[in-house]
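A.B. asks: So here's model21.pdb, just PDB, C-alpha atoms and all ligand atoms:
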ATOM      1  CA  MET A   9     119.801  63.351 132.073  1.00  0.00           C
ATOM      2  CA  GLU A  10     123.121  63.859 130.418  1.00  0.00           C
ATOM      3  CA  GLY A  11     124.425  63.733 126.909  1.00  0.00           C
ATOM      4  CA  ARG A  12     125.802  65.422 123.892  1.00  0.00           C
ATOM      5  CA  VAL A  13     123.831  68.364 122.576  1.00  0.00           C
ATOM      6  CA  GLU A  14     122.457  67.705 119.112  1.00  0.00           C
ATOM      7  CA  ILE A  15     120.489  70.220 117.103  1.00  0.00           C
ATOM      8  CA  PHE A  16     118.161  69.467 114.211  1.00  0.00           C
ATOM      9  CA  TYR A  17     118.414  72.254 111.676  1.00  0.00           C
ATOM     10  CA  LYS A  18     117.552  72.329 107.991  1.00  0.00           C
ATOM     11  CA  GLY A  19     116.926  68.600 108.005  1.00  0.00           C
ATOM     12  CA  GLU A  20     120.270  67.673 109.523  1.00  0.00           C
ATOM     13  CA  TRP A  21     121.379  66.734 112.985  1.00  0.00           C
ATOM     14  CA  GLY A  22     124.508  68.449 114.198  1.00  0.00           C
ATOM     15  CA  THR A  23     126.468  69.238 117.302  1.00  0.00           C
ATOM     16  CA  VAL A  24     127.591  72.280 119.243  1.00  0.00           C
ATOM     17  CA  CYS A  25     131.228  73.270 119.676  1.00  0.00           C
ATOM     18  CA  ASP A  26     132.466  73.688 123.238  1.00  0.00           C
ATOM     19  CA  ASP A  27     134.113  77.074 122.592  1.00  0.00           C
ATOM     20  CA  TYR A  28     132.642  79.440 125.206  1.00  0.00           C
ATOM     21  CA  TRP A  29     130.285  76.635 126.246  1.00  0.00           C
ATOM     22  CA  ASP A  30     129.494  77.391 129.869  1.00  0.00           C
ATOM     23  CA  LEU A  31     126.905  76.711 132.534  1.00  0.00           C
ATOM     24  CA  LYS A  32     124.550  79.422 131.304  1.00  0.00           C
ATOM     25  CA  ASP A  33     124.430  77.811 127.875  1.00  0.00           C
ATOM     26  CA  ALA A  34     123.809  74.412 129.458  1.00  0.00           C
ATOM     27  CA  ILE A  35     121.006  75.822 131.600  1.00  0.00           C
ATOM     28  CA  VAL A  36     119.179  77.065 128.509  1.00  0.00           C
ATOM     29  CA  VAL A  37     119.494  73.659 126.829  1.00  0.00           C
ATOM     30  CA  CYS A  38     118.249  71.830 129.920  1.00  0.00           C
ATOM     31  CA  ARG A  39     115.249  74.131 130.291  1.00  0.00           C
ATOM     32  CA  GLN A  40     114.440  73.757 126.613  1.00  0.00           C
ATOM     33  CA  LEU A  41     114.421  69.983 127.155  1.00  0.00           C
ATOM     34  CA  GLY A  42     112.009  70.352 130.078  1.00  0.00           C
ATOM     35  CA  TYR A  43     114.446  70.007 132.936  1.00  0.00           C
ATOM     36  CA  THR A  44     114.768  72.482 135.749  1.00  0.00           C
ATOM     37  CA  THR A  45     118.377  73.379 135.291  1.00  0.00           C
ATOM     38  CA  ALA A  46     121.866  72.201 134.472  1.00  0.00           C
ATOM     39  CA  VAL A  47     124.189  70.591 136.978  1.00  0.00           C
ATOM     40  CA  ARG A  48     127.154  71.290 134.768  1.00  0.00           C
ATOM     41  CA  ARG A  49     128.220  71.695 131.202  1.00  0.00           C
ATOM     42  CA  SER A  50     130.306  69.150 129.383  1.00  0.00           C
ATOM     43  CA  VAL A  51     133.150  69.781 126.954  1.00  0.00           C
ATOM     44  CA  GLY A  52     135.599  67.836 124.815  1.00  0.00           C
ATOM     45  CA  ALA A  53     133.086  65.267 123.527  1.00  0.00           C
ATOM     46  CA  GLU A  54     132.747  63.747 126.997  1.00  0.00           C
ATOM     47  CA  PHE A  55     129.577  61.996 125.813  1.00  0.00           C
ATOM     48  CA  GLY A  56     131.080  60.867 122.560  1.00  0.00           C
ATOM     49  CA  GLU A  57     131.820  62.557 119.285  1.00  0.00           C
ATOM     50  CA  GLY A  58     128.931  63.324 117.016  1.00  0.00           C
ATOM     51  CA  THR A  59     128.990  63.108 113.263  1.00  0.00           C
ATOM     52  CA  GLY A  60     127.972  65.421 110.484  1.00  0.00           C
ATOM     53  CA  ARG A  61     127.529  69.123 110.962  1.00  0.00           C
ATOM     54  CA  ILE A  62     128.788  71.238 113.821  1.00  0.00           C
ATOM     55  CA  TRP A  63     125.901  73.651 113.812  1.00  0.00           C
ATOM     56  CA  ARG A  64     126.823  76.103 116.510  1.00  0.00           C
ATOM     57  CA  ASP A  65     130.054  77.632 117.778  1.00  0.00           C
ATOM     58  CA  ASN A  66     130.912  80.339 120.304  1.00  0.00           C
ATOM     59  CA  VAL A  67     127.504  80.091 121.974  1.00  0.00           C
ATOM     60  CA  GLY A  68     126.761  82.960 124.305  1.00  0.00           C
ATOM     61  CA  CYS A  69     123.523  82.556 126.254  1.00  0.00           C
ATOM     62  CA  SER A  70     122.684  84.994 129.012  1.00  0.00           C
ATOM     63  CA  GLY A  71     120.879  82.175 130.796  1.00  0.00           C
ATOM     64  CA  SER A  72     117.390  83.632 130.480  1.00  0.00           C
ATOM     65  CA  GLU A  73     116.670  82.420 126.943  1.00  0.00           C
ATOM     66  CA  SER A  74     114.057  79.697 126.565  1.00  0.00           C
ATOM     67  CA  MET A  75     115.733  78.171 123.531  1.00  0.00           C
ATOM     68  CA  LEU A  76     119.312  77.642 122.492  1.00  0.00           C
ATOM     69  CA  SER A  77     118.509  79.124 119.094  1.00  0.00           C
ATOM     70  CA  SER A  78     117.791  82.453 120.819  1.00  0.00           C
ATOM     71  CA  CYS A  79     121.353  82.670 122.101  1.00  0.00           C
ATOM     72  CA  SER A  80     124.087  84.449 120.257  1.00  0.00           C
ATOM     73  CA  ALA A  81     126.506  82.205 118.370  1.00  0.00           C
ATOM     74  CA  SER A  82     128.510  82.044 115.191  1.00  0.00           C
ATOM     75  CA  TYR A  83     126.406  81.662 112.071  1.00  0.00           C
ATOM     76  CA  TRP A  84     124.812  78.237 111.589  1.00  0.00           C
ATOM     77  CA  GLY A  85     127.448  75.759 110.506  1.00  0.00           C
ATOM     78  CA  SER A  86     130.281  78.255 110.740  1.00  0.00           C
ATOM     79  CA  ASN A  87     132.911  77.023 113.185  1.00  0.00           C
ATOM     80  CA  ASP A  88     136.575  76.294 113.767  1.00  0.00           C
ATOM     81  CA  CYS A  89     135.959  73.079 115.690  1.00  0.00           C
ATOM     82  CA  TYR A  90     136.199  69.326 115.415  1.00  0.00           C
ATOM     83  CA  HIS A  91     133.823  66.735 116.812  1.00  0.00           C
ATOM     84  CA  ARG A  92     136.283  66.146 119.631  1.00  0.00           C
ATOM     85  CA  ASP A  93     135.085  69.573 120.831  1.00  0.00           C
ATOM     86  CA  ASP A  94     131.410  68.564 120.991  1.00  0.00           C
ATOM     87  CA  ALA A  95     129.491  70.136 123.839  1.00  0.00           C
ATOM     88  CA  GLY A  96     127.162  68.378 126.236  1.00  0.00           C
ATOM     89  CA  VAL A  97     124.968  68.967 129.251  1.00  0.00           C
ATOM     90  CA  VAL A  98     124.102  67.334 132.537  1.00  0.00           C
ATOM     91  CA  CYS A  99     120.535  68.297 133.417  1.00  0.00           C
ATOM     92  CA  THR A 100     118.425  67.787 136.496  1.00  0.00           C
ATOM     93  CA  SER A 101     114.864  68.380 137.600  1.00  0.00           C
ATOM     94  CA  LYS A 102     115.893  68.718 141.212  1.00  0.00           C
ATOM     95  CA  LEU A 103     116.241  72.158 142.609  1.00  0.00           C
ATOM     96  CA  TYR A 104     119.686  72.855 143.866  1.00  0.00           C
ATOM     97  CA  LEU A 105     119.912  75.640 146.377  1.00  0.00           C
ATOM     98  CA  PRO A 106     123.053  77.696 146.209  1.00  0.00           C
ATOM     99  CA  LEU A 107     125.687  76.320 148.497  1.00  0.00           C
ATOM    100  CA  MET A 108     125.919  78.499 151.525  1.00  0.00           C
ATOM    101  CA  ASN A 109     128.956  78.260 153.635  1.00  0.00           C
ATOM    102  CA  PHE A 110     128.187  79.838 156.906  1.00  0.00           C
ATOM    103  CA  VAL A 111     129.195  79.346 160.466  1.00  0.00           C
ATOM    104  CA  LEU A 112     126.938  79.760 163.408  1.00  0.00           C
ATOM    105  CA  ARG A 113     128.836  81.366 166.209  1.00  0.00           C
ATOM    106  CA  PRO A 114     127.467  81.458 169.717  1.00  0.00           C
ATOM    107  CA  GLN A 115     126.735  85.012 170.697  1.00  0.00           C
ATOM    108  CA  SER A 116     129.002  85.711 173.590  1.00  0.00           C
ATOM    109  CA  LYS A 117     127.941  89.272 174.117  1.00  0.00           C
ATOM    110  CA  VAL A 118     124.821  91.205 173.311  1.00  0.00           C
ATOM    111  CA  ASP A 119     125.005  94.971 173.025  1.00  0.00           C
ATOM    112  CA  TYR A 120     121.952  97.041 173.773  1.00  0.00           C
TER     113      TYR A 120
HETATM  114 CA    CA B   1     128.806  80.617 126.476  1.00  0.00          CA
HETATM  115 CA    CA B   2     135.071  78.747 117.886  1.00  0.00          CA
END
I need this file expressed as structure tokens, please.
C.D. replies:
Amino acid sequence: MEGRVEIFYKGEWGTVCDDYWDLKDAIVVCRQLGYTTAVRRSVGAEFGEGTGRIWRDNVGCSGSESMLSSCSASYWGSNDCYHRDDAGVVCTSKLYLPLMNFVLRPQSKVDY
């Protein structure tokens, strides 16, 4: 699943600015939507520009929150952004193991 993040607040749909929008923020959104995690975050209105309010700016999730509204951010509706800065997420339900880059080297000598 991927798309622009839209938040319903006080009866209005609005977007999130991509200032400080990082993977941790995206992970919280994906989990809130029922996905396992985020593959990446999206910036610069990659999934199109929203309309109306820009509800959140300077979002700072630690990654352990269960809802985006629990993360720190500028006050609702307060922002210095345009819709061309709308944030998005790419979510997945697959579990991605951390990439491990290791080399198996034949043991040429064993010390006892
Ligand atoms: Ca952030
Ligand atoms: Ca900002």
A.B. asks: Do you know which residues are at most 7 Å from Val97 in chain A counting all atoms listed in the file, after dropping those on the same chain fewer than 5 positions away, and could you put them as a list in words?
C.D. replies: Glu10, Gly11, Arg12, Val13, Ala34, Ala46, Arg48, Arg49 and Ser50 of chain A
A.B. asks: May I ask for the distance between CA of Ser78 in chain A and CA of Val51 in chain A, given in Å to one decimal place?
C.D. replies: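 Between CA of Ser78 in chain A and CA of Val51 in chain A the gap works out to 20.8 Å.
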A.B. asks: Find the residues near Arg61 in chain A: any atom within 12 Å, counting all atoms listed in the file, skip ones fewer than 3 places away on the same chain, and give them as number ranges by chain.
C.D. replies: A: 14-25, 57-58, 64-65, 84-91, 94
A.B. asks: Could you write out that same residue set with C-alpha atoms as a short mmCIF file (atom, residue, chain, number, x, y, z; two decimals), in the coordinates of the input?
C.D. replies:
data_model
loop_
_atom_site.label_atom_id
_atom_site.label_comp_id
_atom_site.auth_asym_id
_atom_site.auth_seq_id
_atom_site.Cartn_x
_atom_site.Cartn_y
_atom_site.Cartn_z
CA GLU A 14 122.46 67.70 119.11
CA ILE A 15 120.49 70.22 117.10
CA PHE A 16 118.16 69.47 114.21
CA TYR A 17 118.41 72.25 111.68
CA LYS A 18 117.55 72.33 107.99
CA GLY A 19 116.93 68.60 108.00
CA GLU A 20 120.27 67.67 109.52
CA TRP A 21 121.38 66.73 112.98
CA GLY A 22 124.51 68.45 114.20
CA THR A 23 126.47 69.24 117.30
CA VAL A 24 127.59 72.28 119.24
CA CYS A 25 131.23 73.27 119.68
CA GLU A 57 131.82 62.56 119.28
CA GLY A 58 128.93 63.32 117.02
CA ARG A 64 126.82 76.10 116.51
CA ASP A 65 130.05 77.63 117.78
CA TRP A 84 124.81 78.24 111.59
CA GLY A 85 127.45 75.76 110.51
CA SER A 86 130.28 78.26 110.74
CA ASN A 87 132.91 77.02 113.18
CA ASP A 88 136.57 76.29 113.77
CA CYS A 89 135.96 73.08 115.69
CA TYR A 90 136.20 69.33 115.42
CA HIS A 91 133.82 66.74 116.81
CA ASP A 94 131.41 68.56 120.99
#
A.B. asks: Identify, on the basis of all atoms listed in the file, every residue whose closest approach to Tyr28 in chain A does not exceed 8 Å; exclude the query and any residue fewer than 3 positions from it along the same chain; express the result as a list in words.
C.D. replies: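 The residues that qualify are Asn66, Val67 and Gly68 of chain A.
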A.B. asks: Report as a VMD selection string the residues that result from applying the PyMOL selection byres (((chain A and resi 70) around 12) and not hetatm) to the structure here.
C.D. replies: chain A and resid 29 to 37 67 to 69 71 to 76 78 to 81
A.B. asks: Distance CA of Lys102 in chain A-CA of Ser77 in chain A, one decimal place?
C.D. replies: 24.6 Å
A.B. asks: Tell me which of A:Gln40, A:Thr45, A:Ser101, A:Ser82 sits closest to ligand CA 2 (chain B), counting all atoms listed in the file.
C.D. replies: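 Of the candidates, the smallest distance to ligand CA 2 (chain B) is held by A:Ser82.
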A.B. asks: For a test of reading the model, state the distance in Å between CA of Thr59 in chain A and CA of Thr44 in chain A, rounded to one decimal.
C.D. replies: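 These atoms are spaced 28.2 Å apart.
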